[in-house]
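To keep things clear, I will list the structure first and then write my remarks on it.
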Amino acid sequence: MTIKPLIRNNIALNANPEGCRQNILNQIEELKDLELITETPLTVLIIGGSSGYGLASRIALTTKANAFTYNVSYEREPKGKSSGSAGYYNNLYFQEIAKSMGNEAIDLNADAFSHETKDKVINDFKTHNKKIDLVVYSVASGIRIDPDTQEKYQSALKPIGNEFSGYLVDIAKEKLELSTLEPATDEEIANTVKVMGGEDYLLWAKALQEADVLNQDCKFVTYTYIGSELTYPIYKDGTIGHAKRDLEKTNKEINKILSPLNGTAIISASKAVVTKASVFIPTMGLYASALFKVMKEKGTHESIVQHKYRLFKDMIYGNKAIIDEDGIYRLDHLEMDCDTQEKTKELLAHLDVENFQDSVDFDTFKIDFLTLNGFIDN
């Protein structure tokens, strides 16, 4: 039976299970002929590995580092006539596919923010008599319940200081809508930091280190996005960016925690990709569509799994790291190339609002969005 996507206000209301499975197989196929990331198999904990960067990291590390992966993510199971979330099917089929390749994979469907989940993960690693070589923190939740107070916090995608107006791409209707966001309140800024900042990441680092489940020379990796000045008002200088700056400060504390193990905590700046969150950010959809067109013409466009493979192969386990003055690994250097940015700005400056698809690569943008939920052609 053919399952058609149900999209309302840029929210996919359903998922295609077989398409989710095929998406994993397609990403594995992309890496088939590439070199190994490491010769020695890795033991990896991924916090938020059910979709997006987390899933791409898991695929790259499993196929090219023969990794044992343990993923923690909170996904909706199917119920009655309602499908499960795409992440639920990604986890289900990833285990099946990894096993067929001879790799062990474990998934824990639980709230990564809770103390109980951290305890469960630690106990499982001890039961399996494994110590962790790599932790990938890629949580993308809009809500967090404080593990001590049980107070619920919700993040906000808003500018700080001034309102921001920009075009939002309505994916289902394939048209642009002007959207204006009011500046965030102090409470919304604080709540966004609470959800998307470094507090939980630090709790994970402390818990894992104190439980003695980290290997010597272990690495921690988390992801940020800096992006173009075109998106600064809503991203880098907005509530999300404010939370990411908190994450960057936390990373320094984690490096101190890992110091006795000769471990390293790394923040990697990723390129713009289509995510379930980014489609709600005015300007981001158009910027990404224009960027994709320019990078394809220049031969520098990467799929999400190719992008993460290069991070681990060249920068984290290789000797080609590009590190800026703030210590951030600039995996986004191809996006931030001066000529790429100038050409992207030029495309957007001459955008035809009525027929914007002729100006940018909207097809790739829409395909990437549908693929997130398993709606793919093959």
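Each chain in the structure tokens gets a letter, A, B, ..., in the order shown, and its residues are numbered from 1; ligands are numbered from 1 in order too.
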- Task: Could you give me, as number ranges by chain, the residues within 6 Å of region 62-71 of chain A, counting only C-alpha atoms and dropping anything in the same chain fewer than 6 positions from it?
- Result: A: 36-38, 41-47, 49, 104-107
- Excluding Gly87 (chain A) and residues on its chain fewer than 3 positions from it, collect all residues at most 9 Å away from it, counting only C-alpha atoms, and give them as a ChimeraX atom specification. /A:20,49-51,55,73-76,84,90-92,372-373
- Mind checking DSSP for region 15-262 of chain A and telling me the helix (DSSP H, G or I) residues as a ChimeraX atom specification? /A:17-30,52-65,86-100,115-127,186-196,199-210,239-261
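Summary of the local environment: counting only C-alpha atoms, residues at most 7 Å from region 146-149 of chain A, other than itself and those fewer than 2 positions away along its chain, are Phe113, Ser114, His115, Arg144, Glu151 and Lys152 of chain A.
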- Item | Non-local contacts of Lys206 (chain A) (12 Å; only C-alpha atoms; under 3 positions in same chain excluded) as a list in words |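 After dropping sequence-adjacent residues, the list is His115, Lys118, Asp119, Ile122, Glu199, Asp200, Tyr201, Leu202, Leu203, Gln209, Glu210, Ala211, Asp212, Val213, Leu214, Thr250, Glu253, Ile254, Asn255, Lys256, Ile257 and Leu258 of chain A.
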- Query: Between A:Pro17, A:Gly263, A:Pro159, A:Gly318, which has the minimum distance to Val221 (chain A) (counting only C-alpha atoms)?
  - Reply: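 Among A:Pro17, A:Gly263, A:Pro159, A:Gly318, it is A:Gly263 that comes nearest to Val221 (chain A).
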- Query: Taking into account only C-alpha atoms, which residue in the set A:Ile367, A:Glu35, A:Leu13, A:Ile160 is nearest to Asp314 (chain A)?
  - Reply: A:Glu35
Check which residues of region 312-376 of chain A sit at most 9 Å from region 267-277 of chain A using only C-alpha atoms, and return one row each with the closest pair of atoms and their distance in Å to one decimal, ordered by chain and rising number, as CSV.
residue,atom,partner,partner_atom,distance
A:Gly327,CA,A:Ile267,CA,7.8
A:Ile328,CA,A:Ile267,CA,5.4
A:Tyr329,CA,A:Ser268,CA,4.6
A:Arg330,CA,A:Ala269,CA,5.2
A:Leu331,CA,A:Ser270,CA,5.6
A:Asp332,CA,A:Lys271,CA,4.7
A:His333,CA,A:Lys271,CA,8.1
A:Leu334,CA,A:Lys271,CA,8.0
A:Glu335,CA,A:Lys271,CA,6.2
A:Met336,CA,A:Lys271,CA,8.5
A:Phe365,CA,A:Val274,CA,6.7
A:Lys366,CA,A:Val274,CA,8.6
A:Asp368,CA,A:Val274,CA,6.2
A:Phe369,CA,A:Val274,CA,6.1
A:Leu372,CA,A:Thr275,CA,7.6
Put those residues in a file: C-alpha atoms, as a PDB file, in the first residue's frame.
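And here is the file that came out, part-v1.pdb:
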ATOM      1  CA  GLY A 327      38.238  26.094  19.161  1.00  0.00           C
ATOM      2  CA  ILE A 328      35.277  25.092  16.978  1.00  0.00           C
ATOM      3  CA  TYR A 329      35.845  22.507  14.249  1.00  0.00           C
ATOM      4  CA  ARG A 330      34.702  24.232  11.061  1.00  0.00           C
ATOM      5  CA  LEU A 331      33.205  21.394   9.069  1.00  0.00           C
ATOM      6  CA  ASP A 332      31.061  24.157   7.533  1.00  0.00           C
ATOM      7  CA  HIS A 333      34.047  25.719   5.727  1.00  0.00           C
ATOM      8  CA  LEU A 334      32.678  24.745   2.316  1.00  0.00           C
ATOM      9  CA  GLU A 335      29.401  26.541   3.058  1.00  0.00           C
ATOM     10  CA  MET A 336      31.236  29.574   4.435  1.00  0.00           C
ATOM     11  CA  PHE A 365      14.990  21.170  -0.139  1.00  0.00           C
ATOM     12  CA  LYS A 366      11.604  19.458  -0.475  1.00  0.00           C
ATOM     13  CA  ASP A 368      15.303  16.301   1.884  1.00  0.00           C
ATOM     14  CA  PHE A 369      12.270  17.216   4.002  1.00  0.00           C
ATOM     15  CA  LEU A 372      13.254  12.833   6.848  1.00  0.00           C
TER      16      LEU A 372
END
Between region 275-366 of chain A and region 165-173 of chain A, at 8 Å or less, what are the per-residue closest atom pairs and their distances in Å? Count only C-alpha atoms, order by chain and rising residue number, and return it as a Markdown table.
| residue | atom | partner | partner_atom | distance |
| --- | --- | --- | --- | --- |
| A:Val279 | CA | A:Val169 | CA | 7.3 |
| A:Phe280 | CA | A:Leu168 | CA | 7.1 |
| A:Ile281 | CA | A:Leu168 | CA | 6.9 |
| A:Pro282 | CA | A:Leu168 | CA | 4.6 |
| A:Thr283 | CA | A:Gly166 | CA | 5.2 |
| A:Met284 | CA | A:Leu168 | CA | 7.8 |
| A:Gly285 | CA | A:Val169 | CA | 6.0 |
| A:Leu286 | CA | A:Val169 | CA | 6.9 |
| A:Lys366 | CA | A:Ile171 | CA | 6.6 |
- Task: For Lys194 (chain A), please output as a PyMOL selection string all residues within 8 Å (counting only C-alpha atoms; exclusion window: fewer than 4 positions along the same chain).
- Result: chain A and resi 144+153+155+190+198-199+243
- Message: I need the residues of region 222-301 of chain A that end up classed as strand (DSSP E) by DSSP on the backbone, written out as a PyMOL selection string.
- Response: chain A and resi 222-224+264-269
Neighbouring residues of region 349-356 of chain A were defined as those with any atom within 12 Å, considering only C-alpha atoms; residues of the same chain fewer than 2 positions away were excluded. Please report them as a compact mmCIF listing (two decimals) with C-alpha atoms, in the first residue's frame.
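The resulting file, out.txt, is reproduced below:
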# COMPACT_ATOMS: atom_id res chain seq x y z
CA GLY A 166 11.46 36.82 6.46
CA TYR A 167 9.92 34.41 4.01
CA LEU A 168 8.89 30.98 5.25
CA VAL A 169 8.66 28.19 2.67
CA ASP A 170 5.31 26.39 2.85
CA GLU A 174 5.14 25.19 -2.50
CA LYS A 175 4.85 28.91 -1.89
CA LEU A 176 6.40 31.63 0.22
CA GLU A 177 4.70 33.29 3.16
CA LEU A 178 6.05 36.37 4.90
CA LEU A 230 21.96 36.28 6.18
CA GLY A 285 14.46 27.43 3.94
CA LEU A 286 15.21 29.91 1.18
CA TYR A 287 18.82 30.30 2.28
CA SER A 289 17.69 26.16 -1.12
CA ALA A 290 19.91 28.86 -2.62
CA GLU A 342 28.51 35.81 -2.38
CA LYS A 343 26.77 33.70 -5.01
CA THR A 344 24.12 32.62 -2.47
CA LYS A 345 23.47 36.24 -1.48
CA GLU A 346 23.18 37.20 -5.13
CA LEU A 347 20.59 34.49 -5.77
CA ASP A 358 13.26 29.01 -10.65
CA SER A 359 15.74 30.98 -8.53
CA VAL A 360 16.80 28.36 -5.97
CA ASP A 361 17.03 24.57 -5.59
CA PHE A 362 13.67 24.05 -3.93
CA ASP A 363 13.44 20.49 -5.27
- Task: Provide the CA of Ile376 (chain A) to CA of Thr300 (chain A) distance in Å, to one decimal place.
- Result: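 Interatomic distance, CA of Ile376 (chain A) to CA of Thr300 (chain A): 23.2 Å.
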- Task: Point out the residue among A:Glu18, A:Asn109, A:Pro260, A:Gln341 with the least atom-to-atom distance to Lys298 (chain A), counting only C-alpha atoms.
- Result: A:Gln341
